[in-house]
Amino acid sequence: MADGKAVAAGPPAAVVAKGDAAAGADPALFTFAEFDRDAGERIGWSNYSYWRSTLHMFLRNRVALFLLVLLGTILAFTFLQPLLPNQRSPTLINIDPATGRQFRNLVPSAEYWFGTNSIGQDLWSRIWSGTRTSLLIGIIVGVVEMVLGIAFGAIWGYVRKADRVFTEVYNVLNNIPTTIVLMLLAYIMRPSFQTMVIAMCAAGWHGVARFVRNQIVIIRDREYNLASRCLGTPTHRIIMKNLLPYLVSVIMLQTALSIPGTIGWEVFLTYIGIGLPVSIPSLGNLVNEGRLIMMAPELRYQLIFPTIVVSIITISFYVLGNAFSDASDPRNHV
Amino acid sequence: MDGRKPILSVRDLVVKFDLRGRTLTAIRGASLDLLEGETLAIVGESGSGKSVFTKTFIGMLDQNGRVDSGSIEFEGADLAGYATEAEWLRVRGRKISMVFQDPMTALNPLRSIGRQIQEVVEMHRGMSGRQAELAAIELLDHVGIPDPVRRFRQFPHEFSGGMRQRVVIAIAMACKPRILICDEPTTALDVTIQAQILRLIKALQSDFGFTTIYITHDLGVVANVADRVAVMYAGQIVETGSAEDVFYDPRHPYTWALLSSLPQLGVKGKPLFSISGTPPNLFNEIKGDAFAPRNPRALRIDFELQPPMFQVSPGHQAATWLLDPRAPALEPPAAIQAMRARYPGGER
Amino acid sequence: MAKYMLKRLAQSVVTLFIVVTAVFLLMRLLPVEGYLGERYDKLSPEQREAILQKMGLLDPWYVQIGSFYSKLAHGDLGTSAIYRKDVPVLQVIAPRVPYSVRFGLVAMALSLAAGLAMGVHMARYKGRFWDRTWTVYIVLINAVPSAVYLLFIQLYGTDLLKVPLLFDKYKFQSWVLPAISMSLGGIAGYAMWMRRFMVDELNKDYIKLARAKGMTSSAIMVRHVMRNAYVPMAQYLPAAILATVSGSIYIESLYSIPGMGGLLVDVIQRQDNPMVQALVLIFSSIGILGLFLGDVLMAAFDPRIKFAKSEGAR
Amino acid sequence: MSDGTDKLLEIRNLRVDFPVRGGLFTAVRDVNFSIRKGETFGLVGESGSGKTTIGRAIVRIAQASSGEILFRGRRINGRITRELDSEVVQKIQMIFQDPMASLNERAKVDYIVSEGIINLGKFKNEAERLALVEKALLEVGLLPEFASRFPHEFSGGQRQRIGIARSLIMEPELVICDEPISALDVSIRAQVLNLMSELQKSKGLTYLFIAHDLSVVRFITDRIAVINKGELVELAETEELFAHPLHPYTRALLSAIPVPDPILERKKVLIVYDPASRDYRTDKPAWTEIAAGHFARANEAEAAEYRRLLAR
């Protein structure tokens with residue numbers, strides 16, 4: 001360059017800060033270094049991984065971790081218990097061979113760990129059997145609600161033309177208190193396992209659909225979805241690949257939360273008298289039986305044992321669900 | 001420094017953030033003098049720390065951030081040592097005000113514009129009721145909002161982006177601050193509105209006589225507003241000087257790169273000067289000059305030792321080993337030489 | 001605003017119509033025994049048919065629904081079949097309304113006051129002792145089935161207060177436990193939402209500006225955060241009404257309070273179809289009214305709603 | 001340039017409406033322009049001017065309410081055949097503004113880049129697909145090993161290049177660039193601009209470059225159309241537009257761009273555009289060719305004045 005005046009040839013530069021740290025530096029250092037273009041590409045990477053951070057956050061929550069283990073143990077035991085030796089059938093009415101009368105209301109003992117109920121059935125095996133039933137209802141309802149909710153919610157949220165219709169239908173359904181829907185349906189159908197499942201699914205699916213819809217509306221118009229549309233990606237694949245993966249965490253949370261909710265409703269419906277038939281032990285039935293004889297303080301164990309189990313299960317699911325939701329929210333990954 | 005006194009002096013400021021169990025050093029020993037009455041522009045890319053740097057002046061770092069060391073001297077006190085809210089309330093919003101980037105979200109949507117200005121007036125000027133209301137209306141008028149009496153009762157959603165930014169500026173003016181920090185005040189606005197807002201801030205500055213700090217990544221805006229410029233990279237100030245110094249005679253390779261990669265200085269049809277790679281990850285320890293890995297003409301020493309601030313001329317400093325007498329001579333890129341030629345003062 | 005409310009009102013009326021029709025049709029799916037009650041076994045098939053014919057239950061469904069609506073228009077909800085045989089439903093329900101209304105209002109007021117206060121308290125001390133303590137409460141209320149904890153409250157509460165287990169309308173103390181029980185769920189719900197909305201507001205940009213203005217934290221909390229958090233809260237008012245409805249059903253039955261909720265449980269257990277239908281309709285109407293009020297409230301609080309697009313449901 | 005040049009894309013009387021509460025909002029009206037093969041056409045406007053809507057109407061994310069969009073002389077808006085549809089999907093690609101939002105965070109770069117060719121079934125087997133992905137990544141200056149990573153591992157500039165690779169793999173003819181560099185850091189912008197120019201040369205691409213920043217547009221485009229409130233106000237070759245801006249809005253816009261030169265910037269005179277200053281009550285404005293290739297929206301009186309201005 002004609003005007004080529006080198007920087008260093010300007011007025012002698014003076015160090016104004018930091019002292020002359022390099023005073024004794026090797027003069028060889030003042031030569032040009034080799035330049036590696038790819039090195040520049042590699043710096044600045046974040047090592048952030050969504051699922052790793054989620055796991056990390058979750059593991060930091062000690063309470064949740066404890067409940068996870070507890071819940072896992074209970075769940076496993078519920079299904080293992082019938083396979084163990086010396087277990088009685090939950091519906092067997094135990095009769096004293098000496099007198100020929102039922103072992104009514106026996107308090108907990110080495111023989112009957114949780115005692116017996118008012119007609120001599122073994123409370124220990126009834127509780128595990130009941131837990132099995134209630135959990136099964138909870139899980140089936142949770143899964144069905146999710147499947148229905150996601151299917152309808154995804155269409156509702158993503159297909160603009162469907163929005164109006166779905167919204168109006170939802171407004172009608174949502175206007176009726178859940179309690180009333182449940183009671184009405186359970187009342188109309190005969191008391192049975194299926195009735196419980198159908199009634200609870202009917203009462204809950206639209207809430208899930210609404211939730212999924214809102215989530216999808218939030219992410220539907222983000223640019224990456226527009227990009228997929230420009231590339232001609234069919235709607236079903238956009239929903240499967242672009243939308244649902246973002247919802248995995250919230251969907252898991254909703255399922256986890258619907259299980260304790262379902263158990264709660266089951267107990268409630270049983271109390272009203274339209275729950276499961278007495279012949280099927282369930283946590284609702286057990287609590288209800290216990291309630292009927294709670295006036296006698298010495299028999300309250302019949303209420304307290306099932307209550308403890310219900311509480312542990314529901315609290316665990318609830319806390320775990322929330323802990324997972326917190327952990328899976330990228331905003332909390334600080 | 002042309003005889004003016006510094007109103008705010010920052011020395012060797014280090015700011016750290018705790019994130020995901022790791023520590024990020026956002027400001028890595030930055031020093032700066034702000035001179036009474038001037039407009040200083042701090043230029044830097046996102047993540048360079050320019051925003052964090054100024055947030056420390058009013059104690060508004062995020063919860064997980066802290067000033068690790070260094071000092072911020074203002075009116076005889078060291079702001080870096082402030083810990084309690086009570087201490088900060090003596091400064092924040094009274095002596096030093098701030099205007100934020102996005103006027104669409106900076107106002108409470110549920111309270112009228114007037115009430116939001118009035119509450120600052122009441123708080124800082126000891127006025128109340130009708131008197132404060134009148135003062136608020138006067139402020140609205142001063143920032144160029146037509147029909148201020150009617151506008152006073154309206155809500156933020158009834159204002160356009162530019163008008164909302166004027167309201168935010170009115171709020172910042174309410175206490176007649178000594179320093180106004182404008183954090184990218186026009187980035188979210190259209191260019192035509194941007195020009196008007198920049199003009200407004202200049203007019204207010206001459207009316208009220210405060211000192212302004214601009215944070216921006218837009219060198220065009222810098223050229224428009226700044227008396228002095230500080231260039232930030234990876235949490236450090238790498239060059240400071242008057243606007244003329246920095247635009248027509250920059251010395252740091254990063255400043256060169258920044259300027260010459262601007263399309264305005266490019267020649268159509270030819271590739272622009274471009275900087276490869278991306279800024280460094282501030283979670284990592286940085287050895288030597290943070291810009292070295294992206295600098296094709298880096299010296300060996302740039303990878304070994306952090307360069308000190310070299311004085312180029314009075315008021316112009318740059319932190320690069322190129323200014324060391326032992327360094328080899330290096331031509332700035334063509335675009336910079338062209339800029340230098342455009343300076344009417346000619347050869348500097 | 002008026003236009004919005006009118007539109008919302010029309011929506012509620014349509015919803016009500018659909019709900020009433022749906023409930024009516026669902027009830028038709030039930031076997032007719034429920035209309036005959038204990039008489040069923042004693043009657044000959046001819047007699048049964050005659051009675052059912054007289055009640056109009058053998059007509060085609062569209063004739064039934066027509067007569068149902070014309071009766072409804074005259075305020076006739078039908079006649080009880082079993083619970084109080086041949087007494088008009090409204091006559092059975094009427095004396096019970098005051099109890100339900102009183103408990104409902106008290107419970108709502110209580111849950112609003114205590115819930116909001118708790119939520120504000122939690123947001124103020126976010127992540128610290130009180131926040132955690134109230135969180136435990138909220139978790140327990142949400143996770144433990146209400147049928148269980150309400151029972152224990154009745155059991156030990158009555159003991160503690162030295163009142164009879166069952167409701168005695170002449171004893172003031174007797175009102176306390178049911179009212180508190182009814183509001184427990186509402187308190188937890190309100191506290192949780194209030195806390196969340198306040199925390200949401202705290203993260204917004206305008207809070208940053210408010211801080212930069214030099215406002216104290218407490219002034220920001222009161223003048224900006226709390227006030228703004230009330231707006232989204234308004235939409236949860238109906239939820240509380242619904243919760244109170246649900247709660248009342250269980251609690252009234254638990255304490256044998258002569259209100260509508262307890263009545264519903266009774267008539268369900270005794271399979272009195274006309275009574276069930278009438279009560280379900282009443283409770284659904286309360287729900288619909290609650291949601292309508294919630295939307296109106298929200299519109300009244302939020303200056304933006306005039307301009308907001310009606311983006312589907314809330 | 002003569003009119004004999006090949007018109008790759010032509011837009012005639014385009015109008016786009018969006019439903020809003022209580023009626024329709026017209027985002028774009030009466031828009032006419034054409035893009036020649038191989039050129040870079042700039043569309044400049046402020047936020048809400050409708051510039052993005054035009055781009056989206058061309059890739060058919062937004063629906064044209066009336067008017068025609070012709071690609072190689074064939075109408076591509078409204079109902080079209082399946083063959084034409086997949087041809088358009090392939091030949092017209094889009095690069096988005098926000099590199100942080102325009103990549104699917106839950107998919108690997110591999111899927112993101114090959115999404116388009118999966119849709120069109122443009123490969124015979126997995127090996128061929130991988131080869132295509134690798135080629136596309138290399139072309140935008142990324143390492144092939146990046147294919148197995150997730151987007152969050154990349155910086156803004158790298159992500160934008162992934163977005164470009166996703167378009168390139170389709171072998172498009174026309175690329176709609178919707179503010180491709182405005183969300184990038186200053187030091188990264190030149191990288192992406194250079195890359196776009198290189199690709200244009202090596203692949204013979206045609207660009208519609210949508211932006212608000214006139215200084216960038218000036219550097220990269222051959223012709224510029226200025227849009228204000230849904231209507232084009234002026235269209236000319238780039239240097240012609242900067243040398244002789246006619247429409248008052250264009251002049252206001254030009255005067256407002258900040259120039260990175262303190263001395264020029266301090267001397268600058270700001271022109272404020274006031275739409276109310278003109279009287280269109282009797283003499284309605286229309287899209288008029290003032291001089292060869294220089295269009296403006298003007299009524300007859302204005303057109304006459306613009307011609308006088310150009311003659312000087």
# chains A, B, ... in the order shown; residues from 1 in each chain; ligands from 1

call {"tool": "closest_atom_pairs", "arguments": {"of": "chain D", "to": "chain A", "cutoff": "8 Å", "atoms": "only C-alpha atoms", "output": "tab-separated table"}}
result
residue	atom	partner	partner_atom	distance
D:Val59	CA	A:Cys230	CA	6.2
D:Arg60	CA	A:Cys230	CA	7.7
D:Ile61	CA	A:Cys230	CA	7.1
D:Ser86	CA	A:Gly232	CA	7.6
D:Val89	CA	A:Leu231	CA	6.0
D:Gln90	CA	A:Leu231	CA	7.4
D:Gln93	CA	A:Cys230	CA	6.9
D:Met94	CA	A:Cys230	CA	7.1
D:Phe96	CA	A:Glu223	CA	7.1
D:Asp98	CA	A:Glu223	CA	7.5
D:Ala101	CA	A:Glu223	CA	5.6
D:Ser102	CA	A:Tyr224	CA	3.9
D:Leu103	CA	A:Tyr224	CA	4.9
D:Asn104	CA	A:Tyr224	CA	5.6
D:Arg106	CA	A:Pro245	CA	6.5
D:Ala107	CA	A:Lys241	CA	7.7
D:Glu115	CA	A:Leu231	CA	7.1
D:Gly116	CA	A:Leu231	CA	4.9
D:Asn119	CA	A:Thr233	CA	5.8
D:Leu120	CA	A:Gly232	CA	7.9
D:His152	CA	A:Tyr48	CA	7.2
D:Glu153	CA	A:Ser46	CA	5.3
D:Phe154	CA	A:Trp45	CA	5.8
D:Ser155	CA	A:Trp45	CA	6.7

call {"tool": "write_last_selection", "arguments": {"atoms": "N, CA and C atoms", "output": "PDB file, in the first residue's frame"}}
result
ATOM      1  N   VAL D  59     -43.265 -19.190  -1.148  1.00  0.00           N
ATOM      2  CA  VAL D  59     -43.076 -20.587  -0.758  1.00  0.00           C
ATOM      3  C   VAL D  59     -44.383 -21.206  -0.260  1.00  0.00           C
ATOM      4  N   ARG D  60     -45.441 -20.433  -0.355  1.00  0.00           N
ATOM      5  CA  ARG D  60     -46.797 -20.903  -0.085  1.00  0.00           C
ATOM      6  C   ARG D  60     -47.032 -21.308   1.368  1.00  0.00           C
ATOM      7  N   ILE D  61     -46.339 -20.636   2.276  1.00  0.00           N
ATOM      8  CA  ILE D  61     -46.719 -20.795   3.680  1.00  0.00           C
ATOM      9  C   ILE D  61     -47.877 -19.853   3.956  1.00  0.00           C
ATOM     10  N   SER D  86     -44.513 -30.577  -6.136  1.00  0.00           N
ATOM     11  CA  SER D  86     -43.234 -31.082  -5.642  1.00  0.00           C
ATOM     12  C   SER D  86     -42.070 -30.433  -6.390  1.00  0.00           C
ATOM     13  N   VAL D  89     -41.619 -27.213  -4.457  1.00  0.00           N
ATOM     14  CA  VAL D  89     -40.992 -27.493  -3.163  1.00  0.00           C
ATOM     15  C   VAL D  89     -39.484 -27.645  -3.333  1.00  0.00           C
ATOM     16  N   GLN D  90     -39.116 -28.298  -4.444  1.00  0.00           N
ATOM     17  CA  GLN D  90     -37.689 -28.514  -4.639  1.00  0.00           C
ATOM     18  C   GLN D  90     -36.965 -27.260  -5.124  1.00  0.00           C
ATOM     19  N   GLN D  93     -36.531 -22.527  -2.365  1.00  0.00           N
ATOM     20  CA  GLN D  93     -36.175 -22.811  -0.981  1.00  0.00           C
ATOM     21  C   GLN D  93     -36.130 -21.526  -0.172  1.00  0.00           C
ATOM     22  N   MET D  94     -36.131 -21.692   1.141  1.00  0.00           N
ATOM     23  CA  MET D  94     -36.164 -20.517   1.991  1.00  0.00           C
ATOM     24  C   MET D  94     -35.093 -20.633   3.072  1.00  0.00           C
ATOM     25  N   PHE D  96     -34.153 -18.848   6.743  1.00  0.00           N
ATOM     26  CA  PHE D  96     -34.918 -18.093   7.732  1.00  0.00           C
ATOM     27  C   PHE D  96     -34.050 -17.122   8.515  1.00  0.00           C
ATOM     28  N   ASP D  98     -34.030 -16.420  11.995  1.00  0.00           N
ATOM     29  CA  ASP D  98     -33.472 -16.670  13.321  1.00  0.00           C
ATOM     30  C   ASP D  98     -32.840 -18.056  13.377  1.00  0.00           C
ATOM     31  N   ALA D 101     -34.150 -20.309  16.087  1.00  0.00           N
ATOM     32  CA  ALA D 101     -35.513 -20.842  16.059  1.00  0.00           C
ATOM     33  C   ALA D 101     -35.786 -21.687  14.825  1.00  0.00           C
ATOM     34  N   SER D 102     -34.898 -21.622  13.828  1.00  0.00           N
ATOM     35  CA  SER D 102     -35.280 -22.257  12.575  1.00  0.00           C
ATOM     36  C   SER D 102     -34.759 -23.685  12.434  1.00  0.00           C
ATOM     37  N   LEU D 103     -34.121 -24.198  13.464  1.00  0.00           N
ATOM     38  CA  LEU D 103     -33.708 -25.602  13.425  1.00  0.00           C
ATOM     39  C   LEU D 103     -34.441 -26.381  14.509  1.00  0.00           C
ATOM     40  N   ASN D 104     -34.859 -27.574  14.161  1.00  0.00           N
ATOM     41  CA  ASN D 104     -35.535 -28.450  15.111  1.00  0.00           C
ATOM     42  C   ASN D 104     -34.524 -28.959  16.141  1.00  0.00           C
ATOM     43  N   ARG D 106     -34.732 -30.982  18.474  1.00  0.00           N
ATOM     44  CA  ARG D 106     -34.799 -32.382  18.894  1.00  0.00           C
ATOM     45  C   ARG D 106     -34.420 -33.327  17.776  1.00  0.00           C
ATOM     46  N   ALA D 107     -33.884 -32.780  16.688  1.00  0.00           N
ATOM     47  CA  ALA D 107     -33.458 -33.660  15.602  1.00  0.00           C
ATOM     48  C   ALA D 107     -31.977 -33.437  15.345  1.00  0.00           C
ATOM     49  N   GLU D 115     -34.068 -33.578   5.520  1.00  0.00           N
ATOM     50  CA  GLU D 115     -35.534 -33.601   5.602  1.00  0.00           C
ATOM     51  C   GLU D 115     -36.197 -33.443   4.229  1.00  0.00           C
ATOM     52  N   GLY D 116     -35.705 -32.474   3.457  1.00  0.00           N
ATOM     53  CA  GLY D 116     -36.300 -32.204   2.147  1.00  0.00           C
ATOM     54  C   GLY D 116     -36.170 -33.365   1.186  1.00  0.00           C
ATOM     55  N   ASN D 119     -38.518 -36.145   2.007  1.00  0.00           N
ATOM     56  CA  ASN D 119     -39.877 -35.880   1.542  1.00  0.00           C
ATOM     57  C   ASN D 119     -40.040 -36.176   0.058  1.00  0.00           C
ATOM     58  N   LEU D 120     -39.025 -35.841  -0.698  1.00  0.00           N
ATOM     59  CA  LEU D 120     -39.154 -36.020  -2.142  1.00  0.00           C
ATOM     60  C   LEU D 120     -38.619 -37.374  -2.600  1.00  0.00           C
ATOM     61  N   HIS D 152     -28.151 -27.594  19.178  1.00  0.00           N
ATOM     62  CA  HIS D 152     -27.744 -26.725  20.280  1.00  0.00           C
ATOM     63  C   HIS D 152     -26.235 -26.680  20.468  1.00  0.00           C
ATOM     64  N   GLU D 153     -25.528 -27.587  19.806  1.00  0.00           N
ATOM     65  CA  GLU D 153     -24.078 -27.581  19.961  1.00  0.00           C
ATOM     66  C   GLU D 153     -23.406 -26.540  19.077  1.00  0.00           C
ATOM     67  N   PHE D 154     -24.204 -25.823  18.274  1.00  0.00           N
ATOM     68  CA  PHE D 154     -23.590 -24.925  17.309  1.00  0.00           C
ATOM     69  C   PHE D 154     -23.848 -23.460  17.640  1.00  0.00           C
ATOM     70  N   SER D 155     -22.963 -22.628  17.131  1.00  0.00           N
ATOM     71  CA  SER D 155     -23.137 -21.192  17.321  1.00  0.00           C
ATOM     72  C   SER D 155     -24.099 -20.667  16.260  1.00  0.00           C
TER      73      SER D 155
END

call {"tool": "interface_residues", "arguments": {"of": "chain C", "to": "chain B", "cutoff": "9 Å", "atoms": "only C-alpha atoms", "output": "ChimeraX atom specification"}}
result
/C:204-217,224,227-228,301-304,307

call {"tool": "residues_around", "arguments": {"residues": "B:Asn284", "least_positions_apart": "6", "cutoff": "9 Å", "atoms": "only C-alpha atoms", "output": "list of chain:residue names"}}
result
B:Thr23, B:Leu24, B:Thr25

call {"tool": "interface_residues", "arguments": {"of": "chain B", "to": "chain A", "cutoff": "6 Å", "atoms": "only C-alpha atoms", "output": "PyMOL selection string"}}
result
chain B and resi 19-20+277-281+293-294+296-301+308-312+323+327+329-331

call {"tool": "write_last_selection", "arguments": {"atoms": "N, CA, C and O atoms", "output": "JSON list (two decimals), in the first residue's frame"}}
result
[["chain", "number", "residue", "atom", "x", "y", "z"],
["B", 19, "LEU", "N", -23.46, -21.12, 36.62],
["B", 19, "LEU", "CA", -24.44, -21.71, 35.71],
["B", 19, "LEU", "C", -24.24, -23.21, 35.65],
["B", 19, "LEU", "O", -23.13, -23.67, 35.41],
["B", 20, "ARG", "N", -25.31, -23.94, 35.88],
["B", 20, "ARG", "CA", -25.24, -25.40, 35.82],
["B", 20, "ARG", "C", -24.01, -25.94, 36.54],
["B", 20, "ARG", "O", -23.27, -26.76, 36.01],
["B", 277, "GLY", "N", -14.82, -18.57, 12.51],
["B", 277, "GLY", "CA", -15.05, -19.07, 13.86],
["B", 277, "GLY", "C", -16.06, -18.27, 14.65],
["B", 277, "GLY", "O", -16.78, -17.43, 14.12],
["B", 278, "THR", "N", -16.10, -18.56, 15.94],
["B", 278, "THR", "CA", -17.08, -17.91, 16.80],
["B", 278, "THR", "C", -16.37, -17.44, 18.07],
["B", 278, "THR", "O", -15.28, -17.93, 18.40],
["B", 279, "PRO", "N", -17.00, -16.51, 18.79],
["B", 279, "PRO", "CA", -16.36, -16.04, 20.03],
["B", 279, "PRO", "C", -16.13, -17.18, 21.01],
["B", 279, "PRO", "O", -16.83, -18.18, 20.97],
["B", 280, "PRO", "N", -15.16, -17.03, 21.89],
["B", 280, "PRO", "CA", -14.81, -18.14, 22.78],
["B", 280, "PRO", "C", -15.87, -18.40, 23.83],
["B", 280, "PRO", "O", -16.69, -17.54, 24.14],
["B", 281, "ASN", "N", -15.83, -19.61, 24.33],
["B", 281, "ASN", "CA", -16.72, -20.03, 25.39],
["B", 281, "ASN", "C", -16.18, -19.52, 26.72],
["B", 281, "ASN", "O", -15.08, -19.90, 27.13],
["B", 293, "PRO", "N", -7.36, -17.05, 18.43],
["B", 293, "PRO", "CA", -7.71, -18.20, 17.58],
["B", 293, "PRO", "C", -8.46, -17.82, 16.30],
["B", 293, "PRO", "O", -8.48, -18.59, 15.34],
["B", 294, "ARG", "N", -9.08, -16.65, 16.29],
["B", 294, "ARG", "CA", -9.83, -16.25, 15.10],
["B", 294, "ARG", "C", -9.03, -15.26, 14.25],
["B", 294, "ARG", "O", -9.52, -14.80, 13.22],
["B", 296, "PRO", "N", -6.18, -14.46, 11.83],
["B", 296, "PRO", "CA", -5.25, -15.15, 10.92],
["B", 296, "PRO", "C", -3.82, -14.62, 11.06],
["B", 296, "PRO", "O", -2.87, -15.31, 10.69],
["B", 297, "ARG", "N", -3.64, -13.40, 11.55],
["B", 297, "ARG", "CA", -2.30, -12.85, 11.67],
["B", 297, "ARG", "C", -1.87, -12.74, 13.14],
["B", 297, "ARG", "O", -1.17, -11.81, 13.52],
["B", 298, "ALA", "N", -2.35, -13.66, 13.97],
["B", 298, "ALA", "CA", -2.00, -13.61, 15.39],
["B", 298, "ALA", "C", -0.52, -13.89, 15.59],
["B", 298, "ALA", "O", 0.09, -14.64, 14.82],
["B", 299, "LEU", "N", 0.01, -13.28, 16.63],
["B", 299, "LEU", "CA", 1.40, -13.55, 16.99],
["B", 299, "LEU", "C", 1.45, -14.76, 17.92],
["B", 299, "LEU", "O", 0.47, -15.09, 18.56],
["B", 300, "ARG", "N", 2.65, -15.36, 17.98],
["B", 300, "ARG", "CA", 2.79, -16.49, 18.90],
["B", 300, "ARG", "C", 2.48, -16.09, 20.33],
["B", 300, "ARG", "O", 1.86, -16.83, 21.09],
["B", 301, "ILE", "N", 2.91, -14.89, 20.67],
["B", 301, "ILE", "CA", 2.73, -14.46, 22.06],
["B", 301, "ILE", "C", 1.25, -14.28, 22.40],
["B", 301, "ILE", "O", 0.85, -14.39, 23.56],
["B", 308, "PRO", "N", -1.21, -6.32, 27.45],
["B", 308, "PRO", "CA", -1.62, -5.20, 28.30],
["B", 308, "PRO", "C", -2.23, -4.10, 27.43],
["B", 308, "PRO", "O", -2.21, -4.18, 26.20],
["B", 309, "MET", "N", -2.77, -3.08, 28.09],
["B", 309, "MET", "CA", -3.27, -1.92, 27.35],
["B", 309, "MET", "C", -2.08, -1.06, 26.93],
["B", 309, "MET", "O", -1.27, -0.65, 27.75],
["B", 310, "PHE", "N", -1.98, -0.81, 25.65],
["B", 310, "PHE", "CA", -0.93, 0.09, 25.17],
["B", 310, "PHE", "C", -1.57, 1.43, 24.85],
["B", 310, "PHE", "O", -2.67, 1.48, 24.32],
["B", 311, "GLN", "N", -0.83, 2.47, 25.17],
["B", 311, "GLN", "CA", -1.32, 3.80, 24.84],
["B", 311, "GLN", "C", -0.92, 4.12, 23.40],
["B", 311, "GLN", "O", 0.26, 4.06, 23.05],
["B", 312, "VAL", "N", -1.87, 4.47, 22.55],
["B", 312, "VAL", "CA", -1.56, 4.81, 21.17],
["B", 312, "VAL", "C", -1.33, 6.30, 21.06],
["B", 312, "VAL", "O", -0.35, 6.78, 20.51],
["B", 323, "LEU", "N", 1.18, -3.61, 19.30],
["B", 323, "LEU", "CA", 1.67, -2.28, 19.68],
["B", 323, "LEU", "C", 2.99, -2.35, 20.45],
["B", 323, "LEU", "O", 3.59, -1.33, 20.76],
["B", 327, "ALA", "N", 7.07, -6.13, 18.23],
["B", 327, "ALA", "CA", 6.19, -6.82, 17.28],
["B", 327, "ALA", "C", 6.54, -6.46, 15.84],
["B", 327, "ALA", "O", 7.03, -5.36, 15.57],
["B", 329, "ALA", "N", 5.88, -5.39, 11.96],
["B", 329, "ALA", "CA", 4.94, -4.43, 11.39],
["B", 329, "ALA", "C", 3.83, -5.18, 10.68],
["B", 329, "ALA", "O", 4.07, -6.20, 10.05],
["B", 330, "LEU", "N", 2.61, -4.66, 10.79],
["B", 330, "LEU", "CA", 1.49, -5.33, 10.14],
["B", 330, "LEU", "C", 0.53, -4.30, 9.57],
["B", 330, "LEU", "O", 0.12, -3.37, 10.26],
["B", 331, "GLU", "N", 0.24, -4.46, 8.29],
["B", 331, "GLU", "CA", -0.71, -3.55, 7.64],
["B", 331, "GLU", "C", -2.11, -3.86, 8.13],
["B", 331, "GLU", "O", -2.49, -5.03, 8.20]]

call {"tool": "residues_around", "arguments": {"residues": "stretch 164-177 of chain C", "least_positions_apart": "3", "cutoff": "9 Å", "atoms": "only C-alpha atoms", "output": "ChimeraX atom specification"}}
result
/C:103,153-155,157-159,161,180-182,252,254-258

call {"tool": "interface_residues", "arguments": {"of": "chain D", "to": "chain B", "cutoff": "7 Å", "atoms": "only C-alpha atoms", "output": "ChimeraX atom specification"}}
result
/D:46-47,155,185-188,190-191,194,215-216,219-220,253,256-262,265-266
